[in-house]
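What follows is a short report on a single structure.
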Amino acid sequence: MKRLWAAMAILVVVTGLCWWGVHTTIELSNELSSTLQEARNAAEQGDFERAADLSNQAEENWRKFHKTLSTFIQHTRLEAIDLSLASLSPLIEHGAVDEFSSECARAAAQIASLQEAELPILENIL
Amino acid sequence: MAMTISLIRTLLLYIVIIVAVRLMGKRQISELQTSELVVTLLISDIAAIPMQDTGQPLVSGFIPIAVLVMCEIVVSVLMLKIPKFRRVVCGRPIVVISDGKLIQSEMKRLRMSTEDLGEQLRQRNVFSLDDVAYAIIETNGKLSVIKKPDKETPTAGMMGVALPNTGIETVVISDGILSEFAMKLCNKSPEWIRGILHAKNIRQEDVFIMTANTKGDYNIIPKERGTSL
C-alpha cells in the first residue's frame, strides 16, 4: 500500500512539473514574441531608440527565464535563441534595419518552435 | 567544467536509481518477470543519457525513470489483485514434460529447442529425461523440475532419520561489529556472544566473522593480519 501511495505521489509531482514546464514556456514565448514584434515595428517606423530598448528588454527577459528553461529544455535549442537575441542590439545600433527585422523574425520563429516542441500534441508524441 | 558536471550528475542519478530500485521492491535479477527486467534495463539506459550528455537537462532522465517506477508499482499491485491481469502481463507457466512425456507442441509454442531443454535440465542436476516426471517453464523463463519418485534424492524424513533442529544460522559478528538483527534472528544475546569470545580469549574487534545458530552452535574466524572489509 505504501508503494502505491509513493506511485501516486510520483504521478502528482511529475504531472505538476510537466504542467509547470509547458506553462512557463508558453508564458515566456508569448511575452517575447510580442516584444520582438513591437521592436520590429518600431525599427520599420524609424524609431530606432524604442527598437533598441525593446530588443534589450527582450534579451533581459530571456536571460531571466533562461536558467529556468535550461532545467527542462535542451541547451542547444536555448543557445540558438541566445545568439539571435544577442545580435539584435548591435544591429539596431548600427542602423541595419533590414538585418534587425530579419533577426527579429528569426528569433520569433525559434521561440515559436520552442513553444510548439514543448506542447503535448500528437505530432510531438509520435 | 563538463567533467565536474558529469561527476555531480552521475552521483545524483546513482541516488535516483537506488531509490527507484528500492521503490520497485527486492527481487534478484534472475527472479524478475520479463516486464520487470525490461523496465530495469530501460532505467539504466535512460539514466546514462543525461550522465554522458551535459547538454541534456537532468530532468530528461528523472522524469522517465519516475514514470517507469510508478508504472511498475501500479502494474505489480494490479497483478497481485487481479489474476487475469497477471496472466495477460506475465503469461502462464507452461508444462513441457508431463508424466514423463515431452509435450512437443508446447516446446514449439515456446520456440524452445531440445538443446535448450537439455541445458536447463542439466543446470537443475537432471542428466536424463527418464528421471523427469514434470518440467514446467515458469513465467520468468526458469525451468522447474519434479523428478519421478524413484529418482528423487531421499530425504531424512523418508529414511526415518531424525535430524537435530539447529534453527537458523546467522552472522552475528562481521568485521568486528555485532549485528543486533542477526542476534535476534538466532535468539542469542550480546552477553552470550561476549561470554564465548571471552572463553576463547578473542576480542570482538579481532573477529572477522562469527556465525551462531538457535541451538547454540557457533563458528569463529579471526581476522588475518591486514584484512578488513
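By convention here, the chains of the C-alpha cells are called A, B, ... in the order presented, each chain's residues are numbered starting at 1, and ligands are numbered starting at 1 in the order presented.
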
Next item on the list: Identify every residue of chain B that has at least one atom within 12 Å of any atom of chain A, counting only C-alpha atoms, and report the result as an MDAnalysis selection string.
Entry: chainID B and resid 19:25 50 53:78 80:81

Can you spit out the residues from that selection as a CSV table (one decimal), in the first residue's frame, using N, CA, C and O atoms?
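Just written: result.csv:
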chain,number,residue,atom,x,y,z
B,19,VAL,N,17.0,4.7,-5.2
B,19,VAL,CA,15.7,5.0,-4.7
B,19,VAL,C,14.7,4.3,-5.6
B,19,VAL,O,13.7,3.6,-5.1
B,20,ALA,N,14.8,4.4,-6.9
B,20,ALA,CA,13.9,3.7,-7.9
B,20,ALA,C,13.9,2.2,-7.6
B,20,ALA,O,12.8,1.6,-7.6
B,21,VAL,N,15.0,1.6,-7.5
B,21,VAL,CA,15.1,0.1,-7.4
B,21,VAL,C,14.5,-0.3,-6.0
B,21,VAL,O,13.8,-1.3,-5.9
B,22,ARG,N,14.8,0.5,-5.0
B,22,ARG,CA,14.2,0.2,-3.7
B,22,ARG,C,12.7,0.3,-3.7
B,22,ARG,O,11.9,-0.5,-3.1
B,23,LEU,N,12.1,1.4,-4.4
B,23,LEU,CA,10.7,1.5,-4.5
B,23,LEU,C,10.1,0.4,-5.3
B,23,LEU,O,8.9,0.0,-5.0
B,24,MET,N,10.8,-0.1,-6.3
B,24,MET,CA,10.2,-1.2,-7.1
B,24,MET,C,10.2,-2.5,-6.3
B,24,MET,O,9.5,-3.5,-6.7
B,25,GLY,N,11.0,-2.6,-5.2
B,25,GLY,CA,10.9,-3.8,-4.4
B,25,GLY,C,12.1,-4.7,-4.6
B,25,GLY,O,12.8,-4.7,-5.6
B,50,PRO,N,21.5,11.6,-19.7
B,50,PRO,CA,22.0,12.8,-19.1
B,50,PRO,C,23.3,12.7,-18.4
B,50,PRO,O,24.0,13.7,-18.2
B,53,ASP,N,25.7,13.2,-21.6
B,53,ASP,CA,25.4,14.4,-22.4
B,53,ASP,C,25.0,15.5,-21.5
B,53,ASP,O,23.8,15.6,-21.1
B,54,THR,N,25.9,16.4,-21.2
B,54,THR,CA,25.6,17.5,-20.2
B,54,THR,C,24.7,18.6,-20.8
B,54,THR,O,24.2,19.4,-20.1
B,55,GLY,N,24.5,18.5,-22.1
B,55,GLY,CA,23.5,19.4,-22.8
B,55,GLY,C,22.1,19.0,-22.6
B,55,GLY,O,21.2,19.8,-22.8
B,56,GLN,N,21.9,17.7,-22.1
B,56,GLN,CA,20.5,17.3,-21.8
B,56,GLN,C,20.2,17.7,-20.4
B,56,GLN,O,21.0,17.4,-19.5
B,57,PRO,N,19.0,18.2,-20.2
B,57,PRO,CA,18.6,18.5,-18.8
B,57,PRO,C,18.5,17.3,-18.0
B,57,PRO,O,18.1,16.2,-18.5
B,58,LEU,N,18.8,17.4,-16.7
B,58,LEU,CA,18.8,16.2,-15.8
B,58,LEU,C,17.4,15.7,-15.7
B,58,LEU,O,17.2,14.5,-15.5
B,59,VAL,N,16.4,16.6,-15.8
B,59,VAL,CA,15.0,16.2,-15.7
B,59,VAL,C,14.6,15.2,-16.8
B,59,VAL,O,13.7,14.4,-16.6
B,60,SER,N,15.3,15.3,-17.9
B,60,SER,CA,15.0,14.4,-19.0
B,60,SER,C,15.4,12.9,-18.7
B,60,SER,O,15.0,12.0,-19.3
B,61,GLY,N,16.2,12.7,-17.6
B,61,GLY,CA,16.4,11.4,-17.0
B,61,GLY,C,15.5,11.1,-15.9
B,61,GLY,O,14.9,10.0,-15.8
B,62,PHE,N,15.3,12.1,-15.0
B,62,PHE,CA,14.5,11.9,-13.8
B,62,PHE,C,13.0,11.5,-14.1
B,62,PHE,O,12.5,10.6,-13.6
B,63,ILE,N,12.4,12.3,-15.1
B,63,ILE,CA,11.0,12.1,-15.3
B,63,ILE,C,10.7,10.7,-15.9
B,63,ILE,O,9.8,10.0,-15.4
B,64,PRO,N,11.4,10.2,-17.0
B,64,PRO,CA,11.1,8.9,-17.5
B,64,PRO,C,11.4,7.8,-16.4
B,64,PRO,O,10.6,6.8,-16.3
B,65,ILE,N,12.4,8.0,-15.6
B,65,ILE,CA,12.7,7.0,-14.6
B,65,ILE,C,11.5,6.9,-13.6
B,65,ILE,O,11.0,5.9,-13.2
B,66,ALA,N,11.1,8.1,-13.1
B,66,ALA,CA,10.0,8.2,-12.2
B,66,ALA,C,8.7,7.6,-12.7
B,66,ALA,O,8.0,6.8,-12.1
B,67,VAL,N,8.4,7.9,-14.0
B,67,VAL,CA,7.2,7.3,-14.6
B,67,VAL,C,7.3,5.8,-14.7
B,67,VAL,O,6.3,5.1,-14.5
B,68,LEU,N,8.5,5.3,-15.1
B,68,LEU,CA,8.6,3.8,-15.2
B,68,LEU,C,8.5,3.2,-13.8
B,68,LEU,O,7.8,2.1,-13.7
B,69,VAL,N,9.0,3.8,-12.8
B,69,VAL,CA,8.9,3.2,-11.5
B,69,VAL,C,7.4,3.2,-11.1
B,69,VAL,O,6.9,2.2,-10.5
B,70,MET,N,6.7,4.3,-11.3
B,70,MET,CA,5.3,4.4,-11.0
B,70,MET,C,4.5,3.4,-11.7
B,70,MET,O,3.7,2.7,-11.1
B,71,CYS,N,4.8,3.2,-13.0
B,71,CYS,CA,4.0,2.2,-13.8
B,71,CYS,C,4.3,0.8,-13.2
B,71,CYS,O,3.4,0.0,-13.1
B,72,GLU,N,5.6,0.5,-12.9
B,72,GLU,CA,5.9,-0.8,-12.4
B,72,GLU,C,5.2,-1.1,-11.1
B,72,GLU,O,4.7,-2.2,-10.9
B,73,ILE,N,5.1,-0.1,-10.2
B,73,ILE,CA,4.5,-0.3,-8.9
B,73,ILE,C,3.0,-0.6,-9.2
B,73,ILE,O,2.4,-1.5,-8.6
B,74,VAL,N,2.4,0.3,-10.0
B,74,VAL,CA,0.9,0.1,-10.3
B,74,VAL,C,0.6,-1.3,-10.9
B,74,VAL,O,-0.3,-2.0,-10.5
B,75,VAL,N,1.5,-1.6,-11.9
B,75,VAL,CA,1.3,-2.9,-12.6
B,75,VAL,C,1.5,-4.1,-11.6
B,75,VAL,O,0.7,-5.0,-11.6
B,76,SER,N,2.4,-4.0,-10.7
B,76,SER,CA,2.7,-5.1,-9.8
B,76,SER,C,1.5,-5.2,-8.7
B,76,SER,O,1.1,-6.3,-8.4
B,77,VAL,N,1.0,-4.1,-8.3
B,77,VAL,CA,-0.2,-4.1,-7.4
B,77,VAL,C,-1.4,-4.7,-8.2
B,77,VAL,O,-2.1,-5.6,-7.6
B,78,LEU,N,-1.6,-4.3,-9.4
B,78,LEU,CA,-2.7,-4.9,-10.2
B,78,LEU,C,-2.6,-6.4,-10.4
B,78,LEU,O,-3.5,-7.1,-10.3
B,80,LEU,N,-1.1,-8.4,-8.4
B,80,LEU,CA,-1.4,-9.0,-7.2
B,80,LEU,C,-2.9,-9.2,-6.9
B,80,LEU,O,-3.4,-10.2,-6.5
B,81,LYS,N,-3.6,-8.1,-7.3
B,81,LYS,CA,-5.1,-8.1,-7.0
B,81,LYS,C,-5.9,-8.8,-8.1
B,81,LYS,O,-7.0,-9.3,-7.8

Notebook entry, point to check: Got a sec: who's within 6 Å of region 25-36 of chain A, counting only C-alpha atoms, leaving out chain neighbours fewer than 6 positions off, as a list of chain:residue names?
Noted result: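 Near neighbours after the sequence-gap exclusion: A:Ala58, A:Cys104, A:Ala108, A:Ile111, A:Gln115.
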
Notebook entry, point to check: Taking the backbone alone, and naming residues the way the document does, which bits of chain B are alpha helix (DSSP H) by DSSP, as a ChimeraX atom specification?
Noted result: /B:2-24,34-52,59-81,83-90,104-109,114-123,180-185,190-199

Checklist line | All strand (DSSP E) residues (DSSP, backbone) inside region 17-211 of chain B, as a PyMOL selection string | finding: chain B and resi 94-98+101-102+132-137+143-147+169-174+177-178+207-211

Export of prior selection with C-alpha atoms as a short mmCIF file (atom, residue, chain, number, x, y, z; two decimals), in the first residue's frame:
data_model
loop_
_atom_site.label_atom_id
_atom_site.label_comp_id
_atom_site.auth_asym_id
_atom_site.auth_seq_id
_atom_site.Cartn_x
_atom_site.Cartn_y
_atom_site.Cartn_z
CA ILE B 94 3.84 -23.97 -19.44
CA VAL B 95 4.26 -27.70 -18.90
CA VAL B 96 6.81 -29.09 -21.33
CA ILE B 97 7.15 -32.54 -19.77
CA SER B 98 4.05 -34.16 -18.32
CA LYS B 101 6.29 -37.38 -21.78
CA LEU B 102 7.74 -34.49 -23.78
CA VAL B 132 11.69 -36.26 -15.05
CA ALA B 133 8.00 -36.56 -14.20
CA TYR B 134 7.09 -32.91 -14.84
CA ALA B 135 9.01 -29.96 -16.21
CA ILE B 136 7.42 -26.53 -16.17
CA ILE B 137 8.66 -23.33 -17.78
CA LEU B 143 12.54 -24.33 -15.60
CA SER B 144 11.06 -26.14 -12.59
CA VAL B 145 11.53 -29.89 -12.43
CA ILE B 146 9.64 -32.56 -10.49
CA LYS B 147 11.50 -35.85 -10.63
CA GLU B 169 22.30 -19.74 11.44
CA THR B 170 23.24 -16.07 11.13
CA VAL B 171 26.34 -13.91 11.00
CA VAL B 172 26.38 -12.29 14.45
CA ILE B 173 29.76 -10.55 14.08
CA SER B 174 31.05 -9.22 10.79
CA ILE B 177 30.86 -5.42 14.50
CA LEU B 178 28.00 -7.07 16.38
CA VAL B 207 36.77 -11.34 14.78
CA PHE B 208 36.44 -11.46 11.00
CA ILE B 209 33.23 -13.46 11.06
CA MET B 210 31.26 -15.26 13.75
CA THR B 211 28.19 -17.31 12.98
#

Notebook entry, point to check: Within 12 Å of Thr34 (chain B), counting only C-alpha atoms, which residues qualify if same-chain residues fewer than 5 places away don't, as a VMD selection string?
Noted result: chain B and resid 29 39 to 41 72 89 to 91 138 to 142

Residue subset to file, keeping N, CA and C atoms, as a PDB file, in the first residue's frame:
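Output saved as part-v6.pdb:
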ATOM      1  N   ILE B  29      17.834 -10.476  -9.879  1.00  0.00           N
ATOM      2  CA  ILE B  29      17.638 -10.303 -11.308  1.00  0.00           C
ATOM      3  C   ILE B  29      17.154 -11.574 -11.987  1.00  0.00           C
ATOM      4  N   VAL B  39      12.013  -3.111 -17.708  1.00  0.00           N
ATOM      5  CA  VAL B  39      11.970  -1.805 -17.018  1.00  0.00           C
ATOM      6  C   VAL B  39      13.317  -1.521 -16.359  1.00  0.00           C
ATOM      7  N   THR B  40      13.915  -2.524 -15.736  1.00  0.00           N
ATOM      8  CA  THR B  40      15.219  -2.346 -15.071  1.00  0.00           C
ATOM      9  C   THR B  40      16.283  -1.947 -16.093  1.00  0.00           C
ATOM     10  N   LEU B  41      16.290  -2.614 -17.224  1.00  0.00           N
ATOM     11  CA  LEU B  41      17.277  -2.290 -18.264  1.00  0.00           C
ATOM     12  C   LEU B  41      17.015  -0.895 -18.846  1.00  0.00           C
ATOM     13  N   GLU B  72       5.554   0.536 -12.902  1.00  0.00           N
ATOM     14  CA  GLU B  72       5.946  -0.773 -12.391  1.00  0.00           C
ATOM     15  C   GLU B  72       5.232  -1.081 -11.085  1.00  0.00           C
ATOM     16  N   VAL B  89      -0.202 -10.027 -18.485  1.00  0.00           N
ATOM     17  CA  VAL B  89       1.132  -9.399 -18.470  1.00  0.00           C
ATOM     18  C   VAL B  89       2.239 -10.455 -18.451  1.00  0.00           C
ATOM     19  N   CYS B  90       2.092 -11.463 -17.606  1.00  0.00           N
ATOM     20  CA  CYS B  90       3.190 -12.427 -17.411  1.00  0.00           C
ATOM     21  C   CYS B  90       3.002 -13.743 -18.143  1.00  0.00           C
ATOM     22  N   GLY B  91       1.785 -14.016 -18.562  1.00  0.00           N
ATOM     23  CA  GLY B  91       1.537 -15.316 -19.177  1.00  0.00           C
ATOM     24  C   GLY B  91       1.317 -16.376 -18.119  1.00  0.00           C
ATOM     25  N   GLU B 138       8.422 -21.604 -16.070  1.00  0.00           N
ATOM     26  CA  GLU B 138       7.702 -20.598 -15.295  1.00  0.00           C
ATOM     27  C   GLU B 138       7.584 -19.288 -16.089  1.00  0.00           C
ATOM     28  N   THR B 139       6.833 -18.365 -15.563  1.00  0.00           N
ATOM     29  CA  THR B 139       6.598 -17.096 -16.287  1.00  0.00           C
ATOM     30  C   THR B 139       7.859 -16.238 -16.389  1.00  0.00           C
ATOM     31  N   ASN B 140       8.846 -16.512 -15.522  1.00  0.00           N
ATOM     32  CA  ASN B 140      10.096 -15.749 -15.645  1.00  0.00           C
ATOM     33  C   ASN B 140      11.132 -16.483 -16.509  1.00  0.00           C
ATOM     34  N   GLY B 141      10.693 -17.559 -17.160  1.00  0.00           N
ATOM     35  CA  GLY B 141      11.573 -18.277 -18.088  1.00  0.00           C
ATOM     36  C   GLY B 141      12.380 -19.399 -17.468  1.00  0.00           C
ATOM     37  N   LYS B 142      12.315 -19.532 -16.140  1.00  0.00           N
ATOM     38  CA  LYS B 142      13.099 -20.605 -15.495  1.00  0.00           C
ATOM     39  C   LYS B 142      12.341 -21.922 -15.568  1.00  0.00           C
TER      40      LYS B 142
END

Checklist line | Coordinates-based distance that separates CA of Gly21 (chain A) from CA of Ile125 (chain A) (Å, one decimal) | finding: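 Calculated distance between CA of Ile125 (chain A) and CA of Gly21 (chain A) is 16.0 Å.
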
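Residues in contact with Asp53 (chain A) at up to 12 Å, not including ones fewer than 5 positions away on its chain and judged by only C-alpha atoms, are Thr35, Leu36, Glu38, Ala39, Arg40, Ala42, Ala43, Asp47, Phe48, Ala58, Glu59, Glu60, Leu88, Ser89, Pro90, Ile92 and Glu93 of chain A.
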
Notebook entry, point to check: What's the 10 Å shell around Val22 (chain A), counting only C-alpha atoms, without same-chain residues fewer than 6 positions away, as a PyMOL selection string?
Noted result: chain A and resi 72+115-120
